[in-house]
>>> print(open('work06.cif').read())   # mmCIF, C-alpha atoms
data_protein
#
loop_
_atom_site.label_atom_id
_atom_site.label_comp_id
_atom_site.auth_asym_id
_atom_site.auth_seq_id
_atom_site.Cartn_x
_atom_site.Cartn_y
_atom_site.Cartn_z
CA MET S 1 21.11 15.11 34.42
CA ALA S 2 23.22 12.27 35.79
CA PHE S 3 20.52 11.61 38.38
CA TRP S 4 17.91 10.88 35.74
CA PHE S 5 20.34 8.79 33.74
CA TYR S 6 21.14 6.51 36.68
CA ARG S 7 17.54 6.47 37.78
CA GLY S 8 16.62 5.29 34.30
CA LEU S 9 19.27 2.58 34.36
CA ARG S 10 18.15 1.43 37.81
CA ARG S 11 14.43 1.32 37.18
CA GLY S 12 14.16 0.81 33.46
CA ILE S 13 11.73 2.85 31.46
CA VAL S 14 8.15 2.89 32.61
CA THR S 15 5.59 4.55 30.41
CA THR S 16 1.87 4.34 30.06
CA ARG S 17 0.16 2.48 27.28
CA TYR S 18 -2.18 3.82 24.66
CA PRO S 19 -4.93 5.63 26.61
CA ARG S 20 -5.61 3.49 29.63
CA GLY S 21 -9.26 2.99 30.38
CA ARG S 22 -11.44 5.66 28.84
CA PRO S 23 -9.93 8.26 26.50
CA ASP S 24 -9.85 11.84 27.77
CA ALA S 25 -13.10 13.77 28.11
CA TRP S 26 -12.21 16.20 25.34
CA THR S 27 -12.40 13.39 22.77
CA ALA S 28 -16.18 13.89 22.92
CA ASP S 29 -15.61 17.06 20.87
CA LEU S 30 -13.83 15.28 18.02
CA PRO S 31 -15.62 15.33 14.68
CA THR S 32 -16.88 11.78 14.36
CA PRO S 33 -18.99 9.86 11.84
CA PRO S 34 -22.77 9.80 12.25
CA ALA S 35 -24.88 7.11 13.88
CA PHE S 36 -28.49 6.54 12.89
CA HIS S 37 -31.79 5.67 14.53
CA SER S 38 -32.91 3.12 11.97
CA SER S 39 -36.54 3.28 13.12
CA ARG S 40 -36.66 7.01 12.31
CA LEU S 41 -34.96 6.72 8.92
CA THR S 42 -37.34 7.01 6.03
CA ASP S 43 -36.48 6.35 2.43
CA GLY S 44 -36.82 10.02 1.49
CA LEU S 45 -34.69 11.16 4.40
CA ALA S 46 -31.98 8.62 3.62
CA ARG S 47 -31.82 9.78 0.01
CA GLY S 48 -31.62 13.39 1.16
CA LEU S 49 -28.74 12.52 3.49
CA ALA S 50 -26.91 10.67 0.73
CA GLU S 51 -27.27 13.68 -1.53
CA ALA S 52 -26.09 16.10 1.15
CA CYS S 53 -22.94 14.13 1.94
CA PRO S 54 -20.03 16.01 0.33
CA ALA S 55 -17.62 13.10 0.73
CA GLY S 56 -19.81 10.49 -0.94
CA ALA S 57 -19.83 8.36 2.20
CA LEU S 58 -23.58 7.68 2.21
CA LEU S 59 -25.43 5.56 -0.30
CA VAL S 60 -28.95 4.19 -0.39
CA GLU S 61 -29.04 0.58 -1.52
CA ASN S 62 -32.42 -1.18 -1.53
CA ASP S 63 -33.68 -0.86 2.05
CA GLU S 64 -30.36 0.01 3.56
CA LEU S 65 -28.27 3.10 4.08
CA VAL S 66 -24.68 2.14 3.32
CA VAL S 67 -22.20 4.20 5.33
CA ASP S 68 -18.54 4.14 4.36
CA LEU S 69 -16.69 5.23 7.49
CA GLY S 70 -13.46 5.45 5.52
CA ARG S 71 -14.88 8.21 3.35
CA CYS S 72 -16.67 10.09 6.10
CA THR S 73 -15.07 13.39 7.05
CA GLY S 74 -17.25 13.91 10.12
CA CYS S 75 -18.51 17.23 8.79
CA GLY S 76 -21.87 16.77 10.50
CA ARG S 77 -24.07 17.87 7.60
CA CYS S 78 -26.14 14.69 7.84
CA ALA S 79 -26.59 15.23 11.58
CA GLU S 80 -27.83 18.75 10.85
CA LEU S 81 -30.22 17.59 8.16
CA GLY S 82 -31.43 14.38 9.76
CA GLY S 83 -33.01 15.89 12.87
CA ASP S 84 -33.59 13.25 15.54
CA ALA S 85 -32.72 10.37 13.21
CA VAL S 86 -29.01 11.15 13.10
CA GLU S 87 -26.50 11.69 15.88
CA ARG S 88 -22.76 11.81 16.16
CA SER S 89 -21.40 8.37 16.95
CA GLY S 90 -18.42 9.51 19.01
CA GLU S 91 -16.36 6.70 17.47
CA PHE S 92 -12.89 7.72 16.40
CA GLU S 93 -10.85 4.56 16.99
CA LEU S 94 -11.66 3.22 13.56
CA ALA S 95 -8.35 1.90 12.27
CA THR S 96 -8.67 -1.47 10.59
CA ALA S 97 -6.65 -3.92 8.55
CA GLU S 98 -9.70 -4.78 6.48
CA ARG S 99 -11.15 -1.89 4.46
CA ALA S 100 -14.50 -3.66 4.11
CA ARG S 101 -15.04 -3.48 7.88
CA LEU S 102 -15.48 0.27 7.56
CA ILE S 103 -18.56 -0.16 5.39
CA LYS S 104 -21.61 -0.28 7.64
CA ARG S 105 -25.19 -1.01 6.68
CA VAL S 106 -28.09 0.61 8.50
CA PRO S 107 -31.60 -0.67 7.73
CA ILE S 108 -34.10 2.00 6.69
CA ALA S 109 -36.90 0.93 9.01
CA GLY S 110 -38.89 4.17 9.29
CA ALA S 111 -42.58 4.46 8.37
CA ARG S 112 -43.35 4.25 4.66
CA ARG S 113 -45.00 7.33 3.29
CA MET A 1 7.32 12.40 39.21
CA ASP A 2 8.92 12.08 42.63
CA ASP A 3 9.32 8.98 44.77
CA GLY A 4 6.14 8.08 46.59
CA THR A 5 3.17 5.86 46.04
CA PHE A 6 3.83 6.04 42.31
CA THR A 7 7.02 3.97 42.59
CA ASP A 8 5.31 1.04 44.32
CA GLY A 9 5.94 -2.02 42.26
CA VAL A 10 7.95 -0.13 39.68
CA ASP A 11 10.91 -2.50 39.97
CA ARG A 12 8.70 -5.43 39.12
CA VAL A 13 7.23 -3.60 36.15
CA ALA A 14 10.67 -2.55 35.00
CA GLU A 15 11.89 -6.15 35.12
CA GLU A 16 8.95 -7.33 33.11
CA LEU A 17 9.44 -4.52 30.64
CA ALA A 18 13.12 -5.29 30.22
CA ARG A 19 12.27 -8.90 29.45
CA ARG A 20 9.59 -7.96 26.98
CA THR A 21 11.63 -5.39 25.09
CA ALA A 22 14.85 -7.40 25.09
CA MET A 23 14.74 -7.67 21.33
CA PHE A 24 13.12 -4.24 20.82
CA GLY A 25 10.18 -6.15 19.50
CA ARG A 26 7.48 -4.23 17.71
CA SER A 27 9.19 -0.89 17.99
CA LEU A 28 9.53 0.76 14.60
CA HIS A 29 10.31 3.74 12.45
CA ILE A 30 7.82 5.76 10.47
CA ARG A 31 8.12 7.67 7.22
CA THR A 32 5.27 9.85 5.98
CA VAL A 33 4.44 10.02 2.27
CA ASP A 34 2.26 12.88 1.03
CA THR A 35 0.37 12.15 -2.18
CA GLY A 36 -1.29 15.52 -2.45
CA SER A 37 -2.97 15.97 0.91
CA CYS A 38 -4.08 19.33 2.27
CA ALA A 39 -1.43 18.94 5.02
CA VAL A 40 -3.87 18.67 7.90
CA CYS A 41 -3.15 14.93 8.16
CA GLU A 42 0.55 15.82 8.32
CA SER A 43 -0.25 18.31 11.04
CA GLU A 44 -1.96 15.60 13.10
CA ILE A 45 0.86 13.14 12.42
CA ARG A 46 3.35 15.70 13.69
CA LEU A 47 1.20 16.24 16.77
CA MET A 48 1.67 12.59 17.74
CA ALA A 49 5.19 13.55 18.81
CA ALA A 50 3.87 16.28 21.12
CA PRO A 51 4.08 15.58 24.87
CA HIS A 52 0.36 14.97 25.21
CA TYR A 53 0.42 11.97 22.86
CA ASP A 54 4.14 11.16 22.89
CA LEU A 55 4.39 8.34 20.39
CA HIS A 56 8.00 7.77 21.33
CA ARG A 57 6.91 6.20 24.61
CA LEU A 58 5.30 3.48 22.52
CA GLY A 59 8.49 2.81 20.59
CA PHE A 60 7.59 4.65 17.38
CA PHE A 61 9.98 7.11 15.79
CA PHE A 62 9.92 9.28 12.69
CA THR A 63 12.68 8.87 10.18
CA PRO A 64 13.45 11.11 7.20
CA ALA A 65 14.35 8.29 4.80
CA PRO A 66 12.16 5.43 3.59
CA ARG A 67 15.26 3.20 3.62
CA HIS A 68 15.26 3.44 7.39
CA ALA A 69 11.52 3.06 7.74
CA ASP A 70 9.40 0.05 8.64
CA LEU A 71 6.11 1.77 8.16
CA LEU A 72 4.78 4.31 5.67
CA LEU A 73 1.98 6.70 6.56
CA VAL A 74 0.46 7.62 3.22
CA THR A 75 -1.81 10.68 3.13
CA GLY A 76 -3.72 12.38 0.33
CA PRO A 77 -5.92 11.19 -2.54
CA ALA A 78 -3.07 9.63 -4.57
CA VAL A 79 -2.52 12.42 -7.07
CA ARG A 80 -1.19 10.90 -10.30
CA ALA A 81 1.75 13.31 -10.30
CA ALA A 82 2.84 11.67 -7.03
CA ASP A 83 2.87 8.12 -8.45
CA THR A 84 6.62 8.09 -8.93
CA LEU A 85 7.43 9.29 -5.45
CA LEU A 86 4.96 6.92 -3.84
CA LEU A 87 6.24 3.87 -5.73
CA LYS A 88 9.86 4.88 -5.12
CA ALA A 89 9.18 5.28 -1.41
CA ILE A 90 7.49 1.87 -1.31
CA ASP A 91 10.38 0.26 -3.21
CA ALA A 92 12.97 1.89 -0.98
CA THR A 93 11.33 0.67 2.22
CA PRO A 94 12.86 -2.65 3.23
CA ASP A 95 10.63 -5.66 3.80
CA PRO A 96 8.73 -6.40 5.95
CA LYS A 97 6.92 -3.09 5.59
CA VAL A 98 3.54 -1.78 6.56
CA VAL A 99 1.58 0.76 4.51
CA ILE A 100 -1.04 2.77 6.36
CA ALA A 101 -3.53 4.89 4.42
CA VAL A 102 -4.32 7.95 6.52
CA GLY A 103 -7.40 10.12 6.20
CA ALA A 104 -10.61 10.23 4.22
CA CYS A 105 -8.92 11.28 0.94
CA ALA A 106 -6.58 8.31 1.04
CA LEU A 107 -9.53 5.97 1.61
CA GLY A 108 -11.59 7.17 -1.35
CA GLY A 109 -13.65 9.95 0.19
CA ILE A 110 -14.07 13.48 -1.17
CA TYR A 111 -12.19 13.10 -4.46
CA GLN A 112 -13.48 11.04 -7.38
CA GLU A 113 -11.14 9.30 -9.76
CA ASP A 114 -10.25 11.48 -12.73
CA GLU A 115 -7.30 12.21 -15.00
CA LEU A 116 -5.43 13.98 -12.20
CA ILE A 117 -6.20 11.83 -9.21
CA HIS A 118 -6.48 8.11 -8.50
CA GLY A 119 -8.98 8.90 -5.77
CA SER A 120 -7.67 6.44 -3.19
CA VAL A 121 -4.28 5.08 -2.22
CA ASP A 122 -5.23 1.41 -2.55
CA ARG A 123 -5.61 1.86 -6.33
CA VAL A 124 -1.84 2.40 -6.50
CA VAL A 125 -0.31 0.33 -3.71
CA ARG A 126 -1.34 -2.43 -1.33
CA VAL A 127 -2.69 -0.88 1.87
CA ASP A 128 -2.31 -2.85 5.10
CA VAL A 129 -4.18 -0.64 7.55
CA SER A 130 -6.74 2.11 6.97
CA VAL A 131 -7.12 5.00 9.40
CA PRO A 132 -10.28 7.02 8.67
CA GLY A 133 -10.89 10.59 9.78
CA CYS A 134 -10.67 14.05 8.27
CA PRO A 135 -8.15 14.44 9.70
CA PRO A 136 -7.71 11.44 11.98
CA SER A 137 -6.91 12.78 15.45
CA PRO A 138 -3.50 11.89 16.87
CA LEU A 139 -5.26 9.38 19.13
CA ALA A 140 -6.83 7.69 16.12
CA LEU A 141 -3.42 7.62 14.44
CA LEU A 142 -1.82 6.09 17.52
CA GLN A 143 -4.50 3.44 17.56
CA GLY A 144 -3.85 2.82 13.86
CA LEU A 145 -0.13 2.34 14.51
CA LEU A 146 -0.79 -0.05 17.38
CA VAL A 147 -3.29 -2.00 15.30
CA ALA A 148 -0.73 -2.17 12.48
CA VAL A 149 1.91 -3.77 14.70
CA GLY A 150 -0.59 -6.06 16.40
CA ARG A 151 -0.40 -4.48 19.84
CA LEU A 152 -4.04 -3.47 19.97
CA GLN A 153 -7.24 -5.14 18.88
CA GLU A 154 -9.12 -3.19 16.26
CA ARG A 155 -12.64 -2.07 17.05
CA ALA A 156 -14.01 -1.35 13.60
CA GLN A 157 -15.84 -4.65 13.29
CA ALA A 158 -17.67 -4.20 16.59
CA ILE A 159 -18.91 -0.69 15.83
CA THR A 160 -22.51 -0.47 14.73
CA LEU A 161 -24.00 2.78 13.46
CA ASP A 162 -27.58 1.70 14.12
CA LEU A 163 -28.48 3.20 17.51
CA ASP A 164 -31.81 1.36 17.67
CA ALA A 165 -30.14 -2.00 17.18
CA GLU A 166 -27.84 -1.21 20.09
CA THR A 167 -30.67 -0.42 22.47
CA ASN A 168 -32.60 -3.53 21.43
CA ARG A 169 -29.73 -5.82 22.29
#
>>> encode(input="work06.cif", output="structure tokens")
Amino acid sequence: MAFWFYRGLRRGIVTTRYPRGRPDAWTADLPTPPAFHSSRLTDGLARGLAEACPAGALLVENDELVVDLGRCTGCGRCAELGGDAVERSGEFELATAERARLIKRVPIAGARR
Amino acid sequence: MDDGTFTDGVDRVAEELARRTAMFGRSLHIRTVDTGSCAVCESEIRLMAAPHYDLHRLGFFFTPAPRHADLLLVTGPAVRAADTLLLKAIDATPDPKVVIAVGACALGGIYQEDELIHGSVDRVVRVDVSVPGCPPSPLALLQGLLVAVGRLQERAQAITLDLDAETNR
């Protein structure tokens, strides 16, 4: 006990920072918001995704899919429904001082049908 | 950790650290406020104190009273029945204070506004930092805390959800 106390006094406290370099490998398994291949997004698909989102995080506005990362629960229903147009983004470090920065716009650039 | 290669340069680091933390700058105390969450956010907040994440190494500590807190972690969809406790907690926290909205409910997801629920925390109080996630993992919460005290740059602006745009660049 005394050893660690004096060691601490002698050397000060040395700790690591918030994850140095890359976060741990297991963070790949975290539920994360979706990312989209805009060239594969069609209007119909985007509307279907918006309807399937239980958290109300997706919205179709003109030619854009508006994604509110703040509302997203990472449930993955859109990734299930969207086939090869939707993937998991793997982004979890999303904290922000500006709420508006969490609202992302993805162009719906897929073929018109 | 025994003496060995690990201790190389430790004295220098310790000196630098002592200088930097002379005033205990940017170390602060946290109070959680639950406005009707399902308690999974609380579970993740508690996990920040576990050895794997160890928020104490970063100078953050939990405190049971808002009077001793510098920072409030607000979870849940701002249930109207919790208005009084939320406003009292905010009032009791001395200035300067930071309010962090934690989780998708607190940011307006899942629950719509109705006669029971405000639907998001920022309809009731000013929110300084938003931490999305359902629940946000302890790592995401740690990042949120560090962003809130200005020790880490936020990444939200840089993130694009359009994979095709990324590959074109």
>>> residues_around(input="work06.cif", residues="range 37-39 of chain A", least_positions_apart="5", cutoff="10 Å", atoms="only C-alpha atoms", output="compact mmCIF listing (two decimals) with C-alpha atoms, in the frame of the given file")
# COMPACT_ATOMS: atom_id res chain seq x y z
CA GLU A 44 -1.96 15.60 13.10
CA ILE A 45 0.86 13.14 12.42
CA VAL A 74 0.46 7.62 3.22
CA THR A 75 -1.81 10.68 3.13
CA GLY A 76 -3.72 12.38 0.33
CA PRO A 77 -5.92 11.19 -2.54
CA ALA A 78 -3.07 9.63 -4.57
CA VAL A 79 -2.52 12.42 -7.07
CA VAL A 102 -4.32 7.95 6.52
CA GLY A 103 -7.40 10.12 6.20
CA CYS A 105 -8.92 11.28 0.94
CA ALA A 106 -6.58 8.31 1.04
CA PRO A 135 -8.15 14.44 9.70
>>> interface_residues(input="work06.cif", of="chain A", to="chain S", cutoff="6 Å", atoms="only C-alpha atoms", output="tab-separated table (two decimals) with C-alpha atoms, in the frame of the given file")
chain	number	residue	atom	x	y	z
A	11	ASP	CA	10.91	-2.50	39.97
A	14	ALA	CA	10.67	-2.55	35.00
A	104	ALA	CA	-10.61	10.23	4.22
A	107	LEU	CA	-9.53	5.97	1.61
A	108	GLY	CA	-11.59	7.17	-1.35
A	109	GLY	CA	-13.65	9.95	0.19
A	110	ILE	CA	-14.07	13.48	-1.17
A	128	ASP	CA	-2.31	-2.85	5.10
A	129	VAL	CA	-4.18	-0.64	7.55
A	130	SER	CA	-6.74	2.11	6.97
A	131	VAL	CA	-7.12	5.00	9.40
A	132	PRO	CA	-10.28	7.02	8.67
A	133	GLY	CA	-10.89	10.59	9.78
A	134	CYS	CA	-10.67	14.05	8.27
A	140	ALA	CA	-6.83	7.69	16.12
A	144	GLY	CA	-3.85	2.82	13.86
A	154	GLU	CA	-9.12	-3.19	16.26
A	156	ALA	CA	-14.01	-1.35	13.60
A	157	GLN	CA	-15.84	-4.65	13.29
A	161	LEU	CA	-24.00	2.78	13.46
A	162	ASP	CA	-27.58	1.70	14.12
A	163	LEU	CA	-28.48	3.20	17.51
A	164	ASP	CA	-31.81	1.36	17.67
>>> residues_near_point(input="work06.cif", point="(-2.7, 3.6, -2.3)", cutoff="9 Å", atoms="only C-alpha atoms", output="PyMOL selection string")
chain A and resi 74-75+77-78+86+99-101+106-107+118-127
>>> residues_near_point(input="work06.cif", point="(-36.5, 7.2, 5.7)", cutoff="10 Å", atoms="all atoms listed in the file", output="number ranges by chain")
S: 38-49, 63-65, 82, 85, 107-113
>>> atom_distance(input="work06.cif", atom1="CA of Ala89 in chain A", atom2="CA of Val149 in chain A")
19.9 Å
>>> build_atoms(input="work06.cif", residues="range 72-105 of chain S", atoms="N, CA and C atoms", output="short mmCIF file (atom, residue, chain, number, x, y, z; two decimals), in the frame of the given file")
data_model
loop_
_atom_site.label_atom_id
_atom_site.label_comp_id
_atom_site.auth_asym_id
_atom_site.auth_seq_id
_atom_site.Cartn_x
_atom_site.Cartn_y
_atom_site.Cartn_z
N CYS S 72 -16.02 9.05 5.30
CA CYS S 72 -16.67 10.09 6.10
C CYS S 72 -15.65 11.08 6.64
N THR S 73 -15.96 12.38 6.51
CA THR S 73 -15.07 13.39 7.05
C THR S 73 -15.57 13.92 8.40
N GLY S 74 -16.71 13.44 8.85
CA GLY S 74 -17.25 13.91 10.12
C GLY S 74 -17.70 15.35 10.08
N CYS S 75 -18.15 15.82 8.93
CA CYS S 75 -18.51 17.23 8.79
C CYS S 75 -19.80 17.57 9.53
N GLY S 76 -20.66 16.56 9.72
CA GLY S 76 -21.87 16.77 10.50
C GLY S 76 -23.06 17.30 9.72
N ARG S 77 -22.94 17.36 8.38
CA ARG S 77 -24.07 17.87 7.60
C ARG S 77 -25.27 16.95 7.69
N CYS S 78 -25.02 15.64 7.74
CA CYS S 78 -26.14 14.69 7.84
C CYS S 78 -26.82 14.83 9.20
N ALA S 79 -26.02 15.08 10.24
CA ALA S 79 -26.59 15.23 11.58
C ALA S 79 -27.47 16.48 11.64
N GLU S 80 -27.07 17.52 10.89
CA GLU S 80 -27.83 18.75 10.85
C GLU S 80 -29.16 18.54 10.13
N LEU S 81 -29.06 17.78 9.04
CA LEU S 81 -30.22 17.59 8.16
C LEU S 81 -31.18 16.54 8.71
N GLY S 82 -30.64 15.56 9.41
CA GLY S 82 -31.43 14.38 9.76
C GLY S 82 -32.29 14.53 11.00
N GLY S 83 -32.19 15.68 11.69
CA GLY S 83 -33.01 15.89 12.87
C GLY S 83 -32.73 14.83 13.92
N ASP S 84 -33.80 14.20 14.45
CA ASP S 84 -33.59 13.25 15.54
C ASP S 84 -33.23 11.85 15.04
N ALA S 85 -33.08 11.69 13.74
CA ALA S 85 -32.72 10.37 13.21
C ALA S 85 -31.21 10.16 13.18
N VAL S 86 -30.46 11.25 13.24
CA VAL S 86 -29.01 11.15 13.10
C VAL S 86 -28.31 11.80 14.29
N GLU S 87 -27.33 11.12 14.81
CA GLU S 87 -26.50 11.69 15.88
C GLU S 87 -25.04 11.49 15.53
N ARG S 88 -24.18 12.11 16.32
CA ARG S 88 -22.76 11.81 16.16
C ARG S 88 -22.45 10.53 16.93
N SER S 89 -21.64 9.68 16.32
CA SER S 89 -21.40 8.37 16.95
C SER S 89 -20.38 8.45 18.07
N GLY S 90 -19.48 9.43 18.01
CA GLY S 90 -18.42 9.51 19.01
C GLY S 90 -17.33 8.48 18.82
N GLU S 91 -17.38 7.72 17.72
CA GLU S 91 -16.36 6.70 17.47
C GLU S 91 -15.22 7.31 16.66
N PHE S 92 -14.01 7.25 17.20
CA PHE S 92 -12.89 7.72 16.40
C PHE S 92 -11.78 6.68 16.28
N GLU S 93 -11.88 5.61 17.06
CA GLU S 93 -10.85 4.56 16.99
C GLU S 93 -11.26 3.56 15.92
N LEU S 94 -11.07 3.96 14.66
CA LEU S 94 -11.66 3.22 13.56
C LEU S 94 -10.64 2.47 12.72
N ALA S 95 -9.38 2.52 13.10
CA ALA S 95 -8.35 1.90 12.27
C ALA S 95 -8.63 0.41 12.08
N THR S 96 -8.39 -0.07 10.87
CA THR S 96 -8.67 -1.47 10.59
C THR S 96 -7.74 -1.99 9.51
N ALA S 97 -7.47 -3.29 9.57
CA ALA S 97 -6.65 -3.92 8.55
C ALA S 97 -7.49 -4.36 7.37
N GLU S 98 -8.79 -4.29 7.52
CA GLU S 98 -9.70 -4.78 6.48
C GLU S 98 -10.61 -3.64 6.07
N ARG S 99 -10.40 -3.07 4.87
CA ARG S 99 -11.15 -1.89 4.46
C ARG S 99 -12.65 -2.13 4.50
N ALA S 100 -13.07 -3.36 4.19
CA ALA S 100 -14.50 -3.66 4.11
C ALA S 100 -15.19 -3.52 5.46
N ARG S 101 -14.43 -3.60 6.55
CA ARG S 101 -15.04 -3.48 7.88
C ARG S 101 -15.51 -2.07 8.16
N LEU S 102 -15.08 -1.12 7.34
CA LEU S 102 -15.48 0.27 7.56
C LEU S 102 -16.81 0.58 6.87
N ILE S 103 -17.30 -0.39 6.09
CA ILE S 103 -18.56 -0.16 5.39
C ILE S 103 -19.69 -0.75 6.22
N LYS S 104 -20.55 0.13 6.73
CA LYS S 104 -21.61 -0.28 7.64
C LYS S 104 -22.96 -0.14 6.94
N ARG S 105 -23.86 -1.06 7.28
CA ARG S 105 -25.19 -1.01 6.68
C ARG S 105 -26.23 -0.76 7.77
#
